Amino acid sequence: MSNRTKSGRRISMKTFPRDSNPMILDMGSDEGGIPLDNDISSMTFDDSVPEPTGFAKFKASVKNTFFPPKQYFDRTIELRQGRAFVNTEETNLPPNVIRNQKYNPYTFLFVVLYEQFKFFFNMYFLLVALSQFIPQLKIGYLFTYVAPLVFVLAITILKEAYDDFKRWKRDKEANSQKYQKLTPNGPVTIPSSEIRVGDLIFVEKDCRLPADIVVLRTTEKSGASFIRTDQLDGETDWKLRRAVASTQELPSDESLLSNQIDVFADRPKMDIYSFVGTCTVYKNENKNLVSLSDENTMWMNTVVASGIVIGLVIYTGSETRSSMNTSHPKTKVGLLDMELNRLSKVLFGLMSLLSLLMVALNGFRSGWLVDFFRYMLLFSAIIPISLRVNLDIAKTLYSYWIMNDDEIEGTIVRTSTIPEELGRISYLLSDKTGTLTQNEMIFKKLHLGSYSFNTETLDELEIYLEEAFTDEYESSGVMRKNRKRSIHYQVQRTVEALALCHNVTPTFEEGSDIITYQASSPDEVALVKFTESIGLTLWHRDLHSMTLKTPLGNEVQYSILNVFPFSSETKRMGIIIRNEINGEIMFYMKGADVVMSRIVQSNDWLDEECGNMAREGLRTLVFGMKVLSEEEYGDFHDRYLEAKATVIDRDQNVQDVVESIEHNLQLIGLSGVEDKLQENVKPTLEMLRNAGIKIWMLTGDKIETATCIAISARLVSRNQDIYTLSASDPNVAIHKLDRFRVLKDTALIIDGKTLQLFFNYFPQEFISSACQAPAVVCCRCSPTQKAEIVTLLKNFTKKQTAAIGDGGNDVSMIQAADVGIGIVGKEGKQASLAADFSINQFSFVSRLMIWHGRNSYKRSASLGQFVIHRGLIISFIQAIFSSLFYFAAITIYTGWLLVGYATIYTTAPVFSLVLDVDVTEDIAFQFPELYRELQKGRSLSYKTFFIWVFKSIYQASVIMLMSIFLFDNSMINIVSITFTALILTELFNVAFEIHKWHVLVVISEVVTLGLYFVSMVILKSYFDLSFILTTNFVWKTSLIVAMGCLPVLIWKIIKSKYYPPAYAKLT
């Protein structure tokens, strides 16, 4: 059997032996409290890129030669008698300064002008303005060409200067924050900008970390401290951090100065979830060396949530984790802007062709080349400089209206340059947890193998648990040797596992007995709340112990010996504890069924029950336990400490030791929690589907759970079939894909492993087949895969994509999409901050796209084309004028008339098109199918563009030719005649384009007309009042305007009657 390569060539699979396949990720489920799709700390991706060739290789070589990449090195910080010595290969450690400015005072003007003139529009008008300094090319007044360009540039420069000034103020404020530094002379207050590597600094509660530190001491006796990391990873839950044990044990803070301490830190890197280091404290010729991990660190921009911390600064400035993870995504350019840019090139070609035609009609006389350039200048209005300004202001208004819409309260527009792209979305790619669902976990089911409990039988479960903790139960005739087989014992054992195997910390408000739980996973909080509801409460936790309050009110203490936190690579977490009452050492572990099934003892019910819960849409978690003897634990502990003391491959060494006891665990239970759907998800998805938007759900969940959510949320409608595609071999994968291609109206569900196969071997075949499906669900999907799907979809379909998510794992997908939408949810604000649009719940998407997207796109398309028409019609009038008057390359309108035409005489009416509405809000939501017309891009196309071109030619011809015909005895007043007819024609053209009259549209028309009449009185050098006030002028000008506008109006009426738009049939 053969397969295709990425280039489409068929090859034998022998070319890709199984052992040499590119790495395929088997992403775990985020079931049951372990948020796999949120924690990317241990993910490893095949992100290798091909070596550059040809010019790309030369360019990379030059860049590396003149701008070599910064190298980072390990460092050892030695504290000796209050002084710090930093040993590192790095010559200059960066200052601890935050700098978010785009410019500096010396390069500001140069860089801003470069950014403006690299675009065709601005460079063109710069050349036009500069040409007026050449006497042979000078036409009219210089300011008429220079003033518009200067105005546009001035607005841009002032805006950039203001924005950068605000950045400078924010940077200055951040760099001036005061912190206390511990010195031999006591605490000294210094600004954060003066903090250096090796400094010992105090950070108080609710203060933000100014640099990356290793925590040496805290005010808590246990050395624990909580931090908030919302500005680093977007997570709002508190994270536990621990002080270095050997320094926490010192008698006082000043002891840090009197002791010899060495701290080794590995080189700076982006990974915020890992750190390798050691801390050595020398005491009386003895040294105490302990390993350091990320739980001993606090990164810059995190906030201390409890106590006061003393930390040793290890990284500053650009080497901090926060700075290294600060990305600068590319500015998104909307499809409408790209279309207008292409039209501007067509306009330039049209202008060149018109100029060449004028020269040709004049017979290419001597000096024709100069005449050609003069004609180019005369017709320069064909490319309107005001187009960019009008559209930018319009987009700002759209953004303002979106943010002030009471129906979608709290919505924030972070990218104001692309609101019209919301009206042309063809694919919406959505995360599941926290996006379609609430990320609010509710306990639903507990399965013990022989027994099963749900929300309706909690009373029974509570009774069993209470009896298990009473002395009366043990003396009721049940023999101790049979107790382990009793339901009471199984319930007690399983509920204790739920209450002990986690990273949850209970907290109490001052003066209150109300418990709140802090954890990085809402799943874990849900399970601990469940145990509390049935009588077993997590009462206290610190670094070394936990206390449970039993249903009888007794407190049982446990010593925490080891905690093995969850990672996306292991897909499980574990804890070793000692019961202080009987001294028993227990090893608890919980995780996804795909990994726990290999760790627990063989059984005949786990797979079946996991499948049943998944089909109910529950997130499952498997619990196992093992009793360790003192000898077993002692041997493990020694090997564990030895592995943690290593510097090279520490994580792998530690994992190898942990895996040595991860076998033959007793399966004790299976929990299921429900992630409730967000409000109005079902009608929203149905509306979007009716609007022609295909929805893809990308999640880290297992296939069964994702399928259930897709059905319950109506992502897959009732009359659609489901095809599940899962394979571990490229041959099998492409064969199954071929079978899917022939199916009709069938949703596709695919797992991450199979998805990676298609990315590696058959990307085009996969995306072409998937696009035919009404809905696609990608399960076990990594953040990198999410972004790759978006990119592949954009490149293959050439259609607009939107991505929506609520977690840090969705940021890549959001930034890769044409439109990124972030939800402010329980997973934090990282997705919201990285998105183009921030909303509070998924249901807001329908209004954002169906209503605001429609209006923004239709209005911008109409505004853009009218501004182009405004330049075309005056240029064609100029062309006819020149051709009738011996091809003289002189302008018909000069000075204030030319400036006023594009400003006070037409700006307000033309810009009022942004208030137009083609359908009412009720109809837009009642008939979402109308959105399909927008996806085709017919409101702005080459067809509509050339209709406006022909309209401009016709009206310009009528204005110029009829003026000469009707006023043949008044040629001296040809300027006032044609200009008046032109202004009135444009006002009528605006009126013809309006679908629904707004009071501001009426005001703009009336006020503009009044201003024009006033200017006729003021500008006596252009207008002869004795001629204008004659009846002859009035009726003849009215006739010219009527001949120019009536045929256009008649054509619109005929078209609307025989070729009505879709919305016209509904209004």
# chains A, B, ... in the order shown; residues from 1 in each chain; ligands from 1

call {"tool": "closest_atom_pairs", "arguments": {"of": "region 637-706 of chain A", "to": "region 484-507 of chain A", "cutoff": "12 Å", "atoms": "only C-alpha atoms", "output": "CSV"}}
result
residue,atom,partner,partner_atom,distance
A:Gln666,CA,A:Thr494,CA,11.0
A:Leu667,CA,A:Thr494,CA,9.5
A:Ile668,CA,A:Thr494,CA,5.8
A:Gly669,CA,A:Thr494,CA,6.0
A:Leu670,CA,A:Thr494,CA,8.8
A:Ser671,CA,A:Leu498,CA,8.8
A:Gly672,CA,A:Leu498,CA,11.8

call {"tool": "write_last_selection", "arguments": {"atoms": "N, CA and C atoms", "output": "mmCIF file, in the first residue's frame"}}
result
data_model
loop_
_atom_site.group_PDB
_atom_site.id
_atom_site.type_symbol
_atom_site.label_atom_id
_atom_site.label_comp_id
_atom_site.auth_asym_id
_atom_site.auth_seq_id
_atom_site.Cartn_x
_atom_site.Cartn_y
_atom_site.Cartn_z
ATOM 1 N N GLN A 666 -4.205 -0.743 44.262
ATOM 2 C CA GLN A 666 -5.556 -1.265 44.419
ATOM 3 C C GLN A 666 -6.547 -0.240 43.879
ATOM 4 N N LEU A 667 -7.384 -0.663 42.938
ATOM 5 C CA LEU A 667 -8.405 0.222 42.384
ATOM 6 C C LEU A 667 -9.501 0.409 43.423
ATOM 7 N N ILE A 668 -9.715 1.650 43.855
ATOM 8 C CA ILE A 668 -10.681 1.878 44.930
ATOM 9 C C ILE A 668 -11.913 2.646 44.483
ATOM 10 N N GLY A 669 -11.859 3.365 43.365
ATOM 11 C CA GLY A 669 -13.048 4.087 42.959
ATOM 12 C C GLY A 669 -12.873 4.888 41.688
ATOM 13 N N LEU A 670 -14.006 5.318 41.172
ATOM 14 C CA LEU A 670 -14.061 6.118 39.944
ATOM 15 C C LEU A 670 -15.045 7.246 40.169
ATOM 16 N N SER A 671 -14.577 8.485 40.004
ATOM 17 C CA SER A 671 -15.452 9.639 40.212
ATOM 18 C C SER A 671 -15.855 10.243 38.875
ATOM 19 N N GLY A 672 -17.006 10.880 38.870
ATOM 20 C CA GLY A 672 -17.476 11.578 37.669
ATOM 21 C C GLY A 672 -18.046 12.928 38.047
#

call {"tool": "closest_atom_pairs", "arguments": {"of": "region 415-520 of chain A", "to": "region 854-869 of chain A", "cutoff": "10 Å", "atoms": "only C-alpha atoms", "output": "Markdown table"}}
result
| residue | atom | partner | partner_atom | distance |
| --- | --- | --- | --- | --- |
| A:Ile418 | CA | A:Ser856 | CA | 9.2 |
| A:Pro419 | CA | A:Ser856 | CA | 6.3 |
| A:Glu420 | CA | A:Tyr857 | CA | 4.2 |
| A:Glu421 | CA | A:Tyr857 | CA | 6.8 |
| A:Leu422 | CA | A:Arg854 | CA | 7.3 |
| A:Gly423 | CA | A:Arg854 | CA | 4.5 |
| A:Arg424 | CA | A:Tyr857 | CA | 7.8 |

call {"tool": "residues_around", "arguments": {"residues": "region 451-468 of chain A", "least_positions_apart": "5", "cutoff": "6 Å", "atoms": "only C-alpha atoms", "output": "ChimeraX atom specification"}}
result
/A:444-446,473,488,492,534,551

call {"tool": "residues_around", "arguments": {"residues": "region 1041-1046 of chain A", "least_positions_apart": "4", "cutoff": "8 Å", "atoms": "only C-alpha atoms", "output": "VMD selection string"}}
result
chain A and resid 954 to 955 958 to 959 981 to 982 984 to 985 988 to 989 1037 1050

call {"tool": "atom_distance", "arguments": {"atom1": "CA of Ser450 (chain A)", "atom2": "CA of Leu621 (chain A)"}}
result
17.1 Å

call {"tool": "atom_distance", "arguments": {"atom1": "CA of Ile693 (chain A)", "atom2": "CA of Asp392 (chain A)"}}
result
27.2 Å

call {"tool": "residues_around", "arguments": {"residues": "Asp406 (chain A)", "least_positions_apart": "6", "cutoff": "12 Å", "atoms": "only C-alpha atoms", "output": "ChimeraX atom specification"}}
result
/A:400,844,847

call {"tool": "write_last_selection", "arguments": {"atoms": "C-alpha atoms", "output": "mmCIF file, in the first residue's frame"}}
result
data_model
loop_
_atom_site.group_PDB
_atom_site.id
_atom_site.type_symbol
_atom_site.label_atom_id
_atom_site.label_comp_id
_atom_site.auth_asym_id
_atom_site.auth_seq_id
_atom_site.Cartn_x
_atom_site.Cartn_y
_atom_site.Cartn_z
ATOM 1 C CA TYR A 400 -17.358 51.843 20.556
ATOM 2 C CA PHE A 844 -22.412 36.738 23.062
ATOM 3 C CA ARG A 847 -24.729 39.020 18.536
#

call {"tool": "residues_around", "arguments": {"residues": "Leu833 (chain A)", "least_positions_apart": "3", "cutoff": "8 Å", "atoms": "only C-alpha atoms", "output": "number ranges by chain"}}
result
A: 414, 822, 829-830, 838

call {"tool": "write_last_selection", "arguments": {"atoms": "C-alpha atoms", "output": "compact mmCIF listing (two decimals), in the first residue's frame"}}
result
# COMPACT_ATOMS: atom_id res chain seq x y z
CA ARG A 414 -8.78 44.98 21.87
CA GLY A 822 -11.41 35.37 24.41
CA LYS A 829 -7.78 36.25 31.63
CA GLN A 830 -4.88 35.15 29.47
CA SER A 838 -13.09 39.81 24.90

call {"tool": "select_by_dssp", "arguments": {"residues": "region 540-594 of chain A", "states": "strand (DSSP E or B)", "output": "NGL selection string"}}
result
:A and (540-541 or 545-549 or 555-564 or 572-579 or 585-591)

call {"tool": "residues_around", "arguments": {"residues": "Cys279 (chain A)", "least_positions_apart": "3", "cutoff": "8 Å", "atoms": "only C-alpha atoms", "output": "MDAnalysis selection string"}}
result
chainID A and resid 244 261:264 289:292

call {"tool": "closest_residue", "arguments": {"among": "A:Phe881, A:Tyr1012, A:Phe133, A:Trp696", "to": "Trp896 (chain A)", "atoms": "only C-alpha atoms"}}
result
A:Tyr1012

call {"tool": "closest_residue", "arguments": {"among": "A:Ser559, A:Ala645, A:Ala879, A:Arg932", "to": "Met351 (chain A)", "atoms": "only C-alpha atoms"}}
result
A:Ala879

call {"tool": "atom_distance", "arguments": {"atom1": "CA of Cys779 (chain A)", "atom2": "CA of Val819 (chain A)"}}
result
22.5 Å

call {"tool": "closest_residue", "arguments": {"among": "A:Ile98, A:Val389, A:Met403, A:Leu940", "to": "Lys172 (chain A)", "atoms": "only C-alpha atoms"}}
result
A:Ile98

call {"tool": "decode", "arguments": {"residues": "region 426-441 of chain A", "atoms": "all heavy atoms", "output": "mmCIF file, in the first residue's frame"}}
result
data_model
loop_
_atom_site.group_PDB
_atom_site.id
_atom_site.type_symbol
_atom_site.label_atom_id
_atom_site.label_comp_id
_atom_site.auth_asym_id
_atom_site.auth_seq_id
_atom_site.Cartn_x
_atom_site.Cartn_y
_atom_site.Cartn_z
ATOM 1 N N SER A 426 -16.485 32.112 8.340
ATOM 2 C CA SER A 426 -16.978 30.844 7.782
ATOM 3 C C SER A 426 -16.725 29.677 8.720
ATOM 4 O O SER A 426 -17.454 28.683 8.685
ATOM 5 C CB SER A 426 -16.311 30.569 6.429
ATOM 6 O OG SER A 426 -16.666 31.544 5.475
ATOM 7 N N TYR A 427 -15.669 29.771 9.539
ATOM 8 C CA TYR A 427 -15.335 28.689 10.467
ATOM 9 C C TYR A 427 -15.106 29.270 11.858
ATOM 10 O O TYR A 427 -14.344 30.223 12.024
ATOM 11 C CB TYR A 427 -14.083 27.941 10.011
ATOM 12 C CG TYR A 427 -14.280 27.126 8.752
ATOM 13 C CD1 TYR A 427 -14.027 27.683 7.505
ATOM 14 C CD2 TYR A 427 -14.726 25.811 8.807
ATOM 15 C CE1 TYR A 427 -14.217 26.956 6.337
ATOM 16 C CE2 TYR A 427 -14.915 25.067 7.648
ATOM 17 C CZ TYR A 427 -14.656 25.643 6.422
ATOM 18 O OH TYR A 427 -14.846 24.912 5.273
ATOM 19 N N LEU A 428 -15.765 28.671 12.844
ATOM 20 C CA LEU A 428 -15.564 29.047 14.241
ATOM 21 C C LEU A 428 -14.972 27.840 14.965
ATOM 22 O O LEU A 428 -15.582 26.780 15.034
ATOM 23 C CB LEU A 428 -16.883 29.440 14.901
ATOM 24 C CG LEU A 428 -16.817 29.754 16.405
ATOM 25 C CD1 LEU A 428 -15.938 30.971 16.656
ATOM 26 C CD2 LEU A 428 -18.212 29.987 16.980
ATOM 27 N N LEU A 429 -13.759 28.014 15.492
ATOM 28 C CA LEU A 429 -13.080 26.945 16.215
ATOM 29 C C LEU A 429 -13.142 27.262 17.705
ATOM 30 O O LEU A 429 -12.667 28.317 18.134
ATOM 31 C CB LEU A 429 -11.633 26.800 15.752
ATOM 32 C CG LEU A 429 -11.492 26.431 14.264
ATOM 33 C CD1 LEU A 429 -11.241 27.693 13.427
ATOM 34 C CD2 LEU A 429 -10.396 25.435 14.047
ATOM 35 N N SER A 430 -13.733 26.342 18.463
ATOM 36 C CA SER A 430 -14.029 26.630 19.861
ATOM 37 C C SER A 430 -13.402 25.603 20.787
ATOM 38 O O SER A 430 -13.378 24.405 20.500
ATOM 39 C CB SER A 430 -15.548 26.649 20.076
ATOM 40 O OG SER A 430 -15.865 26.779 21.447
ATOM 41 N N ASP A 431 -12.887 26.101 21.898
ATOM 42 C CA ASP A 431 -12.501 25.234 23.002
ATOM 43 C C ASP A 431 -13.781 24.717 23.658
ATOM 44 O O ASP A 431 -14.870 25.253 23.420
ATOM 45 C CB ASP A 431 -11.658 26.044 23.996
ATOM 46 C CG ASP A 431 -11.283 25.249 25.228
ATOM 47 O OD1 ASP A 431 -10.929 24.069 25.070
ATOM 48 O OD2 ASP A 431 -11.362 25.796 26.339
ATOM 49 N N LYS A 432 -13.676 23.674 24.463
ATOM 50 C CA LYS A 432 -14.861 23.141 25.129
ATOM 51 C C LYS A 432 -14.949 23.599 26.579
ATOM 52 O O LYS A 432 -15.855 24.333 26.950
ATOM 53 C CB LYS A 432 -14.874 21.610 25.069
ATOM 54 C CG LYS A 432 -16.112 20.988 25.734
ATOM 55 C CD LYS A 432 -16.061 19.493 25.758
ATOM 56 C CE LYS A 432 -15.103 18.982 26.823
ATOM 57 N NZ LYS A 432 -15.574 19.290 28.212
ATOM 58 N N THR A 433 -13.974 23.186 27.377
ATOM 59 C CA THR A 433 -14.033 23.449 28.806
ATOM 60 C C THR A 433 -13.895 24.941 29.093
ATOM 61 O O THR A 433 -12.902 25.561 28.741
ATOM 62 C CB THR A 433 -12.922 22.684 29.537
ATOM 63 O OG1 THR A 433 -13.028 21.301 29.218
ATOM 64 C CG2 THR A 433 -13.021 22.878 31.033
ATOM 65 N N GLY A 434 -14.906 25.514 29.728
ATOM 66 C CA GLY A 434 -14.879 26.932 30.060
ATOM 67 C C GLY A 434 -15.368 27.828 28.949
ATOM 68 O O GLY A 434 -15.583 29.020 29.160
ATOM 69 N N THR A 435 -15.537 27.267 27.750
ATOM 70 C CA THR A 435 -16.014 28.055 26.615
ATOM 71 C C THR A 435 -17.446 27.659 26.287
ATOM 72 O O THR A 435 -18.378 28.446 26.419
ATOM 73 C CB THR A 435 -15.100 27.849 25.394
ATOM 74 O OG1 THR A 435 -13.759 28.208 25.747
ATOM 75 C CG2 THR A 435 -15.547 28.719 24.232
ATOM 76 N N LEU A 436 -17.623 26.413 25.876
ATOM 77 C CA LEU A 436 -18.980 25.892 25.697
ATOM 78 C C LEU A 436 -19.557 25.480 27.047
ATOM 79 O O LEU A 436 -20.765 25.519 27.250
ATOM 80 C CB LEU A 436 -18.974 24.695 24.748
ATOM 81 C CG LEU A 436 -18.525 24.978 23.308
ATOM 82 C CD1 LEU A 436 -18.516 23.692 22.498
ATOM 83 C CD2 LEU A 436 -19.413 26.011 22.648
ATOM 84 N N THR A 437 -18.689 25.083 27.952
ATOM 85 C CA THR A 437 -19.119 24.717 29.293
ATOM 86 C C THR A 437 -18.687 25.784 30.287
ATOM 87 O O THR A 437 -17.902 26.664 29.972
ATOM 88 C CB THR A 437 -18.520 23.355 29.704
ATOM 89 O OG1 THR A 437 -17.091 23.459 29.697
ATOM 90 C CG2 THR A 437 -18.941 22.275 28.732
ATOM 91 N N GLN A 438 -19.198 25.698 31.510
ATOM 92 C CA GLN A 438 -18.979 26.759 32.496
ATOM 93 C C GLN A 438 -17.679 26.606 33.273
ATOM 94 O O GLN A 438 -17.308 27.491 34.027
ATOM 95 C CB GLN A 438 -20.137 26.798 33.498
ATOM 96 C CG GLN A 438 -21.467 27.173 32.872
ATOM 97 C CD GLN A 438 -22.578 27.251 33.907
ATOM 98 O OE1 GLN A 438 -22.334 27.332 35.105
ATOM 99 N NE2 GLN A 438 -23.810 27.229 33.443
ATOM 100 N N ASN A 439 -16.988 25.473 33.107
ATOM 101 C CA ASN A 439 -15.819 25.166 33.928
ATOM 102 C C ASN A 439 -16.186 25.235 35.411
ATOM 103 O O ASN A 439 -15.390 25.606 36.256
ATOM 104 C CB ASN A 439 -14.660 26.111 33.625
ATOM 105 C CG ASN A 439 -13.320 25.506 34.023
ATOM 106 O OD1 ASN A 439 -13.222 24.330 34.317
ATOM 107 N ND2 ASN A 439 -12.283 26.324 34.038
ATOM 108 N N GLU A 440 -17.439 24.891 35.680
ATOM 109 C CA GLU A 440 -17.954 24.822 37.052
ATOM 110 C C GLU A 440 -18.320 23.366 37.306
ATOM 111 O O GLU A 440 -19.335 22.870 36.818
ATOM 112 C CB GLU A 440 -19.171 25.737 37.207
ATOM 113 C CG GLU A 440 -19.748 25.750 38.606
ATOM 114 C CD GLU A 440 -20.928 26.688 38.717
ATOM 115 O OE1 GLU A 440 -20.869 27.775 38.129
ATOM 116 O OE2 GLU A 440 -21.916 26.317 39.369
ATOM 117 N N MET A 441 -17.464 22.690 38.052
ATOM 118 C CA MET A 441 -17.611 21.254 38.208
ATOM 119 C C MET A 441 -18.590 20.912 39.325
ATOM 120 O O MET A 441 -18.533 21.480 40.417
ATOM 121 C CB MET A 441 -16.252 20.608 38.487
ATOM 122 C CG MET A 441 -15.192 20.972 37.470
ATOM 123 S SD MET A 441 -15.690 20.580 35.794
ATOM 124 C CE MET A 441 -14.449 21.473 34.867
#
